[in-house]
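J.: This is protein_23.pdb (PDB, C-alpha atoms).
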```pdb
MODEL        1
ATOM      1  CA  MET D  25       5.425 -68.997  60.396
ATOM      2  CA  LYS D  26       4.648 -65.325  61.129
ATOM      3  CA  GLN D  27       2.135 -65.214  58.278
ATOM      4  CA  ARG D  28       0.577 -68.483  59.451
ATOM      5  CA  LEU D  29       0.248 -67.157  62.996
ATOM      6  CA  ILE D  30      -1.335 -63.860  61.935
ATOM      7  CA  THR D  31      -3.796 -65.600  59.613
ATOM      8  CA  GLY D  32      -4.695 -68.097  62.337
ATOM      9  CA  ILE D  33      -5.382 -65.383  64.916
ATOM     10  CA  VAL D  34      -7.439 -63.174  62.576
ATOM     11  CA  ALA D  35      -9.427 -66.021  60.978
ATOM     12  CA  GLY D  36      -9.925 -67.768  64.322
ATOM     13  CA  ALA D  37     -11.157 -64.577  66.001
ATOM     14  CA  LEU D  38     -13.579 -63.889  63.145
ATOM     15  CA  PHE D  39     -14.942 -67.430  63.117
ATOM     16  CA  LEU D  40     -15.320 -67.736  66.889
ATOM     17  CA  GLY D  41     -16.774 -64.239  67.195
ATOM     18  CA  LEU D  42     -19.490 -64.881  64.606
ATOM     19  CA  CYS D  43     -20.113 -68.337  66.042
ATOM     20  CA  LEU D  44     -20.779 -66.716  69.422
ATOM     21  CA  LEU D  45     -23.157 -64.223  67.788
ATOM     22  CA  GLY D  46     -24.979 -67.012  65.913
ATOM     23  CA  GLY D  47     -28.043 -66.250  63.818
ATOM     24  CA  TRP D  48     -27.604 -64.629  60.429
ATOM     25  CA  TRP D  49     -24.009 -63.559  61.064
ATOM     26  CA  TYR D  50     -22.757 -67.099  61.598
ATOM     27  CA  HIS D  51     -24.936 -68.522  58.844
ATOM     28  CA  LEU D  52     -23.648 -66.004  56.299
ATOM     29  CA  LEU D  53     -20.075 -66.818  57.299
ATOM     30  CA  LEU D  54     -20.671 -70.553  56.791
ATOM     31  CA  THR D  55     -22.354 -69.862  53.442
ATOM     32  CA  ALA D  56     -19.359 -67.815  52.284
ATOM     33  CA  MET D  57     -16.993 -70.566  53.439
ATOM     34  CA  ALA D  58     -19.040 -73.183  51.565
ATOM     35  CA  LEU D  59     -18.993 -71.158  48.335
ATOM     36  CA  ILE D  60     -15.233 -70.577  48.588
ATOM     37  CA  GLY D  61     -14.733 -74.258  49.372
ATOM     38  CA  TYR D  62     -16.699 -75.229  46.268
ATOM     39  CA  TYR D  63     -14.644 -72.767  44.200
ATOM     40  CA  GLU D  64     -11.488 -74.528  45.432
ATOM     41  CA  PHE D  65     -12.981 -77.944  44.673
ATOM     42  CA  VAL D  66     -13.978 -76.976  41.125
ATOM     43  CA  LYS D  67     -10.576 -75.442  40.460
ATOM     44  CA  MET D  68      -8.845 -78.631  41.591
ATOM     45  CA  THR D  69     -10.769 -80.674  39.030
ATOM     46  CA  GLY D  70      -9.331 -78.543  36.240
ATOM     47  CA  THR D  71     -12.716 -77.014  35.426
ATOM     48  CA  ARG D  72     -12.975 -73.246  35.072
ATOM     49  CA  PRO D  73     -14.512 -72.203  38.407
ATOM     50  CA  LEU D  74     -16.834 -69.574  36.891
ATOM     51  CA  ASN D  75     -18.129 -71.379  33.800
ATOM     52  CA  GLY D  76     -21.779 -72.259  33.258
ATOM     53  CA  SER D  77     -21.731 -75.737  34.790
ATOM     54  CA  ALA D  78     -19.852 -74.533  37.865
ATOM     55  CA  LEU D  79     -22.466 -71.813  38.379
ATOM     56  CA  PHE D  80     -25.093 -74.541  38.799
ATOM     57  CA  GLY D  81     -22.798 -75.938  41.463
ATOM     58  CA  TYR D  82     -22.747 -72.672  43.405
ATOM     59  CA  ALA D  83     -26.540 -72.587  43.140
ATOM     60  CA  GLY D  84     -26.573 -76.095  44.578
ATOM     61  CA  ILE D  85     -24.425 -74.967  47.518
ATOM     62  CA  LEU D  86     -26.860 -72.113  48.172
ATOM     63  CA  PHE D  87     -29.729 -74.618  48.086
ATOM     64  CA  PHE D  88     -28.076 -76.553  50.907
ATOM     65  CA  MET D  89     -27.364 -73.378  52.860
ATOM     66  CA  VAL D  90     -30.769 -71.664  52.718
ATOM     67  CA  PRO D  91     -31.593 -70.960  56.409
ATOM     68  CA  TRP D  92     -35.245 -71.969  56.452
ATOM     69  CA  ASN D  93     -35.244 -71.886  60.256
ATOM     70  CA  LEU D  94     -34.075 -68.265  60.308
ATOM     71  CA  LEU D  95     -36.581 -67.304  57.605
ATOM     72  CA  ASP D  96     -39.294 -69.055  59.628
ATOM     73  CA  VAL D  97     -40.853 -70.630  56.519
ATOM     74  CA  ALA D  98     -41.421 -74.207  55.467
ATOM     75  CA  GLU D  99     -38.814 -75.797  53.214
ATOM     76  CA  PRO D 100     -40.421 -75.866  49.725
ATOM     77  CA  VAL D 101     -38.347 -78.780  48.392
ATOM     78  CA  SER D 102     -37.074 -81.638  50.538
ATOM     79  CA  LEU D 103     -33.323 -82.210  50.623
ATOM     80  CA  SER D 104     -33.554 -85.605  48.926
ATOM     81  CA  ARG D 105     -35.660 -84.162  46.080
ATOM     82  CA  GLY D 106     -33.311 -81.211  45.742
ATOM     83  CA  ILE D 107     -30.307 -83.524  45.453
ATOM     84  CA  TRP D 108     -32.063 -85.516  42.729
ATOM     85  CA  LEU D 109     -32.907 -82.317  40.819
ATOM     86  CA  LEU D 110     -29.259 -81.236  40.989
ATOM     87  CA  LEU D 111     -28.174 -84.643  39.684
ATOM     88  CA  PHE D 112     -30.774 -84.376  36.903
ATOM     89  CA  ILE D 113     -29.427 -80.952  35.873
ATOM     90  CA  PHE D 114     -25.807 -82.107  35.745
ATOM     91  CA  LEU D 115     -26.678 -85.184  33.705
ATOM     92  CA  LEU D 116     -28.613 -83.005  31.259
ATOM     93  CA  ILE D 117     -25.634 -80.666  30.941
ATOM     94  CA  THR D 118     -23.544 -83.564  29.610
ATOM     95  CA  VAL D 119     -26.146 -84.047  26.861
ATOM     96  CA  PHE D 120     -26.732 -80.405  25.931
ATOM     97  CA  THR D 121     -22.999 -79.619  25.828
ATOM     98  CA  LYS D 122     -22.439 -82.710  23.653
ATOM     99  CA  ASN D 123     -19.965 -84.068  26.196
ATOM    100  CA  LYS D 124     -17.907 -80.861  26.388
ATOM    101  CA  LEU D 125     -18.703 -81.360  30.038
ATOM    102  CA  ASP D 126     -18.415 -85.133  30.199
ATOM    103  CA  ILE D 127     -19.920 -87.458  32.779
ATOM    104  CA  ARG D 128     -16.698 -87.675  34.803
ATOM    105  CA  ILE D 129     -16.507 -83.931  35.424
ATOM    106  CA  ALA D 130     -20.269 -83.713  35.961
ATOM    107  CA  ALA D 131     -20.002 -86.438  38.596
ATOM    108  CA  LEU D 132     -17.129 -84.607  40.316
ATOM    109  CA  LEU D 133     -18.990 -81.294  40.369
ATOM    110  CA  PHE D 134     -22.094 -82.987  41.763
ATOM    111  CA  THR D 135     -20.040 -84.819  44.388
ATOM    112  CA  GLY D 136     -18.512 -81.499  45.441
ATOM    113  CA  ILE D 137     -21.955 -79.977  46.006
ATOM    114  CA  VAL D 138     -23.105 -82.814  48.265
ATOM    115  CA  TYR D 139     -19.757 -83.117  50.059
ATOM    116  CA  ILE D 140     -19.342 -79.415  50.825
ATOM    117  CA  GLY D 141     -22.984 -78.335  50.984
ATOM    118  CA  THR D 142     -23.957 -81.098  53.410
ATOM    119  CA  GLY D 143     -20.961 -80.427  55.649
ATOM    120  CA  PHE D 144     -21.502 -76.711  56.092
ATOM    121  CA  SER D 145     -25.301 -77.006  56.305
ATOM    122  CA  TYR D 146     -24.974 -79.388  59.256
ATOM    123  CA  MET D 147     -22.583 -76.969  60.911
ATOM    124  CA  ALA D 148     -25.312 -74.354  60.648
ATOM    125  CA  LEU D 149     -27.907 -76.834  61.922
ATOM    126  CA  SER D 150     -25.805 -77.606  65.001
ATOM    127  CA  ARG D 151     -25.515 -73.940  65.967
ATOM    128  CA  ALA D 152     -29.258 -73.417  65.506
ATOM    129  CA  SER D 153     -30.325 -76.568  67.379
ATOM    130  CA  SER D 154     -33.904 -76.631  68.579
ATOM    131  CA  ASP D 155     -32.970 -77.241  72.234
ATOM    132  CA  GLY D 156     -31.361 -73.818  72.608
ATOM    133  CA  TYR D 157     -27.878 -75.203  73.311
ATOM    134  CA  GLY D 158     -26.517 -74.865  69.793
ATOM    135  CA  LEU D 159     -23.402 -72.999  70.870
ATOM    136  CA  MET D 160     -22.489 -75.741  73.327
ATOM    137  CA  TRP D 161     -23.027 -78.533  70.788
ATOM    138  CA  THR D 162     -21.000 -76.635  68.186
ATOM    139  CA  PHE D 163     -18.087 -76.116  70.561
ATOM    140  CA  LEU D 164     -18.279 -79.726  71.722
ATOM    141  CA  LEU D 165     -17.726 -80.975  68.177
ATOM    142  CA  LEU D 166     -15.154 -78.340  67.254
ATOM    143  CA  LEU D 167     -13.094 -78.854  70.411
ATOM    144  CA  CYS D 168     -13.171 -82.629  69.941
ATOM    145  CA  ILE D 169     -11.956 -82.198  66.348
ATOM    146  CA  TRP D 170      -9.258 -79.705  67.320
ATOM    147  CA  GLY D 171      -8.227 -81.851  70.276
ATOM    148  CA  SER D 172      -7.962 -84.877  68.005
ATOM    149  CA  ASP D 173      -5.827 -82.937  65.516
ATOM    150  CA  ALA D 174      -3.528 -81.626  68.243
ATOM    151  CA  GLY D 175      -3.298 -85.013  69.950
ATOM    152  CA  ALA D 176      -2.519 -86.789  66.691
ATOM    153  CA  TYR D 177       0.197 -84.259  65.864
ATOM    154  CA  PHE D 178       1.993 -84.146  69.226
ATOM    155  CA  VAL D 179       1.621 -87.831  70.112
ATOM    156  CA  GLY D 180       2.645 -88.808  66.599
ATOM    157  CA  LYS D 181       5.669 -86.533  66.704
ATOM    158  CA  LYS D 182       6.888 -87.956  70.012
ATOM    159  CA  TYR D 183       5.860 -91.608  69.798
ATOM    160  CA  GLY D 184       4.912 -92.226  66.175
ATOM    161  CA  LYS D 185       6.660 -95.189  64.580
ATOM    162  CA  ASN D 186       4.069 -97.025  62.494
ATOM    163  CA  LYS D 187       2.705 -95.232  59.449
ATOM    164  CA  LEU D 188      -1.082 -95.003  59.326
ATOM    165  CA  TRP D 189      -1.579 -94.663  55.556
ATOM    166  CA  PRO D 190       1.701 -93.735  53.843
ATOM    167  CA  ALA D 191       0.289 -93.903  50.300
ATOM    168  CA  ILE D 192      -2.134 -91.102  51.135
ATOM    169  CA  SER D 193      -0.572 -89.127  53.990
ATOM    170  CA  PRO D 194       3.023 -90.169  54.756
ATOM    171  CA  ASN D 195       3.349 -88.190  58.001
ATOM    172  CA  LYS D 196       0.395 -89.688  59.886
ATOM    173  CA  THR D 197       1.078 -92.527  62.326
ATOM    174  CA  VAL D 198      -1.014 -95.135  64.107
ATOM    175  CA  GLU D 199       0.235 -93.858  67.468
ATOM    176  CA  GLY D 200      -0.727 -90.305  66.578
ATOM    177  CA  ALA D 201      -4.205 -91.384  65.466
ATOM    178  CA  ALA D 202      -4.706 -93.266  68.749
ATOM    179  CA  GLY D 203      -3.544 -90.216  70.700
ATOM    180  CA  GLY D 204      -6.043 -88.070  68.842
ATOM    181  CA  VAL D 205      -8.871 -90.466  69.701
ATOM    182  CA  ILE D 206      -7.999 -90.442  73.404
ATOM    183  CA  ILE D 207      -7.780 -86.626  73.606
ATOM    184  CA  SER D 208     -11.084 -86.221  71.759
ATOM    185  CA  MET D 209     -12.870 -88.644  74.085
ATOM    186  CA  ILE D 210     -11.442 -86.896  77.163
ATOM    187  CA  ILE D 211     -12.715 -83.521  75.909
ATOM    188  CA  ALA D 212     -16.184 -84.944  75.256
ATOM    189  CA  ALA D 213     -16.240 -86.563  78.720
ATOM    190  CA  ILE D 214     -15.398 -83.190  80.321
ATOM    191  CA  PHE D 215     -18.425 -81.668  78.581
ATOM    192  CA  ALA D 216     -20.598 -84.461  79.993
ATOM    193  CA  ILE D 217     -19.302 -83.809  83.508
ATOM    194  CA  PHE D 218     -20.307 -80.141  83.308
ATOM    195  CA  VAL D 219     -23.698 -80.659  81.606
ATOM    196  CA  PRO D 220     -24.884 -84.120  82.765
ATOM    197  CA  GLU D 221     -28.505 -83.118  82.187
ATOM    198  CA  LEU D 222     -27.778 -82.752  78.454
ATOM    199  CA  LEU D 223     -25.103 -85.332  77.791
ATOM    200  CA  THR D 224     -24.364 -88.702  79.387
ATOM    201  CA  ILE D 225     -20.799 -89.962  79.727
ATOM    202  CA  GLY D 226     -21.533 -92.889  77.415
ATOM    203  CA  ARG D 227     -22.916 -90.725  74.636
ATOM    204  CA  ALA D 228     -20.101 -88.208  75.122
ATOM    205  CA  LEU D 229     -17.475 -90.910  74.671
ATOM    206  CA  LEU D 230     -19.187 -92.062  71.468
ATOM    207  CA  ILE D 231     -19.251 -88.489  70.166
ATOM    208  CA  GLY D 232     -15.565 -88.040  71.022
ATOM    209  CA  LEU D 233     -14.709 -91.308  69.297
ATOM    210  CA  ALA D 234     -16.716 -90.326  66.215
ATOM    211  CA  CYS D 235     -15.158 -86.847  66.047
ATOM    212  CA  ALA D 236     -11.644 -88.301  66.137
ATOM    213  CA  CYS D 237     -12.149 -91.228  63.764
ATOM    214  CA  VAL D 238     -14.400 -89.514  61.226
ATOM    215  CA  GLY D 239     -12.398 -86.293  61.443
ATOM    216  CA  GLN D 240      -9.169 -88.128  60.647
ATOM    217  CA  LEU D 241     -10.905 -89.895  57.768
ATOM    218  CA  GLY D 242     -12.045 -86.517  56.450
ATOM    219  CA  ASP D 243      -8.455 -85.336  56.529
ATOM    220  CA  LEU D 244      -7.330 -88.470  54.664
ATOM    221  CA  VAL D 245     -10.018 -87.954  52.016
ATOM    222  CA  GLN D 246      -8.758 -84.420  51.447
ATOM    223  CA  SER D 247      -5.179 -85.713  51.224
ATOM    224  CA  ALA D 248      -6.257 -88.424  48.781
ATOM    225  CA  TYR D 249      -7.837 -86.168  46.205
ATOM    226  CA  LYS D 250      -5.098 -83.533  46.494
ATOM    227  CA  ARG D 251      -2.603 -86.313  45.770
ATOM    228  CA  VAL D 252      -4.592 -87.287  42.654
ATOM    229  CA  TYR D 253      -4.258 -83.735  41.327
ATOM    230  CA  GLY D 254      -0.682 -83.300  42.529
ATOM    231  CA  ILE D 255      -1.300 -80.238  44.692
ATOM    232  CA  LYS D 256      -0.259 -79.359  48.232
ATOM    233  CA  ASP D 257      -3.177 -77.120  49.222
ATOM    234  CA  SER D 258      -6.762 -76.832  48.017
ATOM    235  CA  GLY D 259      -6.367 -73.054  47.725
ATOM    236  CA  SER D 260      -4.629 -69.972  49.075
ATOM    237  CA  PHE D 261      -7.508 -68.123  50.721
ATOM    238  CA  LEU D 262      -5.861 -68.448  54.157
ATOM    239  CA  PRO D 263      -2.189 -67.421  53.747
ATOM    240  CA  GLY D 264       0.083 -69.910  55.468
ATOM    241  CA  HIS D 265      -2.782 -72.372  55.980
ATOM    242  CA  GLY D 266      -3.972 -73.141  52.447
ATOM    243  CA  GLY D 267      -7.619 -73.053  51.473
ATOM    244  CA  ILE D 268     -10.958 -73.360  53.219
ATOM    245  CA  LEU D 269     -11.109 -77.085  52.475
ATOM    246  CA  ASP D 270      -7.657 -77.594  53.980
ATOM    247  CA  ARG D 271      -8.853 -76.122  57.285
ATOM    248  CA  CYS D 272     -12.365 -77.576  57.301
ATOM    249  CA  ASP D 273     -11.831 -81.069  55.877
ATOM    250  CA  SER D 274     -12.545 -82.717  59.256
ATOM    251  CA  TRP D 275     -15.465 -80.426  60.105
ATOM    252  CA  ILE D 276     -17.455 -81.183  56.969
ATOM    253  CA  PHE D 277     -17.198 -84.914  57.666
ATOM    254  CA  VAL D 278     -17.853 -84.872  61.407
ATOM    255  CA  PHE D 279     -20.871 -82.557  61.648
ATOM    256  CA  PRO D 280     -23.076 -84.506  59.185
ATOM    257  CA  PHE D 281     -21.938 -87.859  60.580
ATOM    258  CA  VAL D 282     -22.885 -87.227  64.217
ATOM    259  CA  HIS D 283     -26.324 -85.999  63.120
ATOM    260  CA  ILE D 284     -27.068 -88.688  60.551
ATOM    261  CA  VAL D 285     -26.178 -91.553  62.917
ATOM    262  CA  MET D 286     -28.163 -89.740  65.652
ATOM    263  CA  LEU D 287     -25.347 -89.298  68.156
ATOM    264  CA  MET D 288     -26.495 -85.778  69.006
ATOM    265  CA  PRO D 289     -29.054 -85.949  71.861
ATOM    266  CA  TYR D 290     -31.277 -83.213  70.432
ATOM    267  CA  TYR D 291     -31.551 -84.790  66.979
TER
ENDMDL
END
```
Please express what this file holds, its structure, as structure tokens.

T.:
Amino acid sequence: MKQRLITGIVAGALFLGLCLLGGWWYHLLLTAMALIGYYEFVKMTGTRPLNGSALFGYAGILFFMVPWNLLDVAEPVSLSRGIWLLLFIFLLITVFTKNKLDIRIAALLFTGIVYIGTGFSYMALSRASSDGYGLMWTFLLLLCIWGSDAGAYFVGKKYGKNKLWPAISPNKTVEGAAGGVIISMIIAAIFAIFVPELLTIGRALLIGLACACVGQLGDLVQSAYKRVYGIKDSGSFLPGHGGILDRCDSWIFVFPFVHIVMLMPYY
């Protein structure tokens, strides 16, 4: 518990401090987190995390994380074209290695790039939003996610009776999940009360609902593939907390979702 507390304070202070600074500092932090997250993902698949095919994966993560807005240059390759090129490369690797890297591993490595690269790139996009309120939008989503996690834990511990998805995560309950949704929506509504010119109550409630539901799904996805590989944590980068993916599983689902379905007002 002591180790967990110290890690939480140090890592939390570093993350929040660089988030407040924004710009290159925050972007470099997110890029490092994405690369470490991909390392954890590759290792879980049983692939050597620094072999040739994995190196293409790290390059793919960097492609997602290039800060074109900070460089003030036009993006040379669209995201959809870049994703296709990455897929093309991984499929060719299966041929040129004569199936030493077979299609199943290639598909997993490619999935990891899109899953992790998209998640962290949208976190960066939120902080650098064009309306100048990137810090507020970032904290709105993070606080809704954290509020949902805390609500699900405490409500589930006190009132939880019905298991939510025991085959995947035996400790989660329906009551806890509902508590997380309510807390997340309350947090989002509070934001709307303080900045009504930027966020209506209706949109805030939708964002809170999305953060809770999609965030909990992200956590279940992480639990599902850890269960497949028979591991407790994705890594050990954060002593007492596990790996980067263990801490950010909800984030990398929520941030892309609220942008792609156009819940964010500035999108």

J.: For a quick check of understanding, using all atoms listed in the file, which of D:Ala191, D:Ala236, D:Leu223, D:Val179 has the smallest distance to Val205 (chain D)?

T.: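 Closest to Val205 (chain D), using all atoms listed in the file: D:Ala236.
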
J.: When the PyMOL selection byres ((chain D and resi 62) around 10) is applied to the structure above, which residues does it catch, written out as a ChimeraX atom specification?

T.: /D:56-61,63-68,73,78,81-82,85,133,136-137,139-141,268-269

J.: Could you check the closest approach to Tyr253 (chain D) for each of D:Pro220, D:Gly46, D:Gly70, D:Pro289 and tell me which residue wins, using all atoms listed in the file?

T.: D:Gly70

J.: Give me, please, the distance in Å between CA of Gly175 (chain D) and CA of Ala202 (chain D), quoted to one decimal.

T.: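 According to the coordinates, CA of Gly175 (chain D) and CA of Ala202 (chain D) are separated by 8.5 Å.
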
J.: Specify as a PyMOL selection string each residue included when the PyMOL selection byres ((chain D and resi 162) around 12) is applied to this file.

T.: chain D and resi 40+43-44+46+50+146-153+156-161+163-169+212+215+235+275+278-279+282-283+288

J.: What lies within 12 Å of Lys124 (chain D) using only C-alpha atoms, ignoring chain neighbours under 5 positions off, as a ChimeraX atom specification?

T.: /D:71,76-77,116-119,129-130

J.: To one decimal place, how far is CA of Ile231 (chain D) from CA of Lys250 (chain D) in Å?

T.: 28.0 Å

J.: Distance CA of Gly41 (chain D)-CA of Ala174 (chain D), one decimal place?

T.: 21.9 Å

J.: When you look at Pro280 (chain D) with a cut-off of 7 Å (counting only C-alpha atoms), what residues show up, excluding the ones that are within fewer than 3 positions of it in the same chain? I need them as a PDB file with C-alpha atoms, keeping the file's coordinate frame.

T.:
```pdb
ATOM      1  CA  THR D 142     -23.957 -81.098  53.410  1.00  0.00           C
ATOM      2  CA  GLY D 143     -20.961 -80.427  55.649  1.00  0.00           C
ATOM      3  CA  TYR D 146     -24.974 -79.388  59.256  1.00  0.00           C
ATOM      4  CA  ILE D 276     -17.455 -81.183  56.969  1.00  0.00           C
ATOM      5  CA  PHE D 277     -17.198 -84.914  57.666  1.00  0.00           C
ATOM      6  CA  HIS D 283     -26.324 -85.999  63.120  1.00  0.00           C
ATOM      7  CA  ILE D 284     -27.068 -88.688  60.551  1.00  0.00           C
TER       8      ILE D 284
END
```

J.: To verify the selection step, state as a PyMOL selection string which residues the PyMOL selection byres ((chain D and resi 196) around 12) yields on this input.

T.: chain D and resi 173+175-181+183-195+197-204+240-241+243-244+247

J.: Calculated over all atoms listed in the file, which of the candidates D:Leu222, D:Ile107, D:Leu74, D:Ala35 has the smallest distance to Val138 (chain D)?

T.: D:Ile107

J.: So that all listed atoms of region 275-283 of chain D fit with 5 Å spare on each side, what axis-aligned box centre and edge lengths in Å, to one decimal, would you give as JSON?

T.:
```
{"center_x": -20.9, "center_y": -84.1, "center_z": 60.6, "size_x": 20.9, "size_y": 17.4, "size_z": 17.2}
```

J.: Which of these residues is nearest to Gly106 (chain D), using all atoms listed in the file: D:Leu132, D:Ile127, D:Leu54, D:Ala83?

T.: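 Smallest distance to Gly106 (chain D) is found for D:Ala83.
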
J.: For Gln27 (chain D), list every protein, DNA or RNA residue within 12 Å, evaluated using all atoms listed in the file, and leave out those in the same chain fewer than 3 positions away; present the list as an MDAnalysis selection string.

T.: chainID D and resid 30:35 262:266
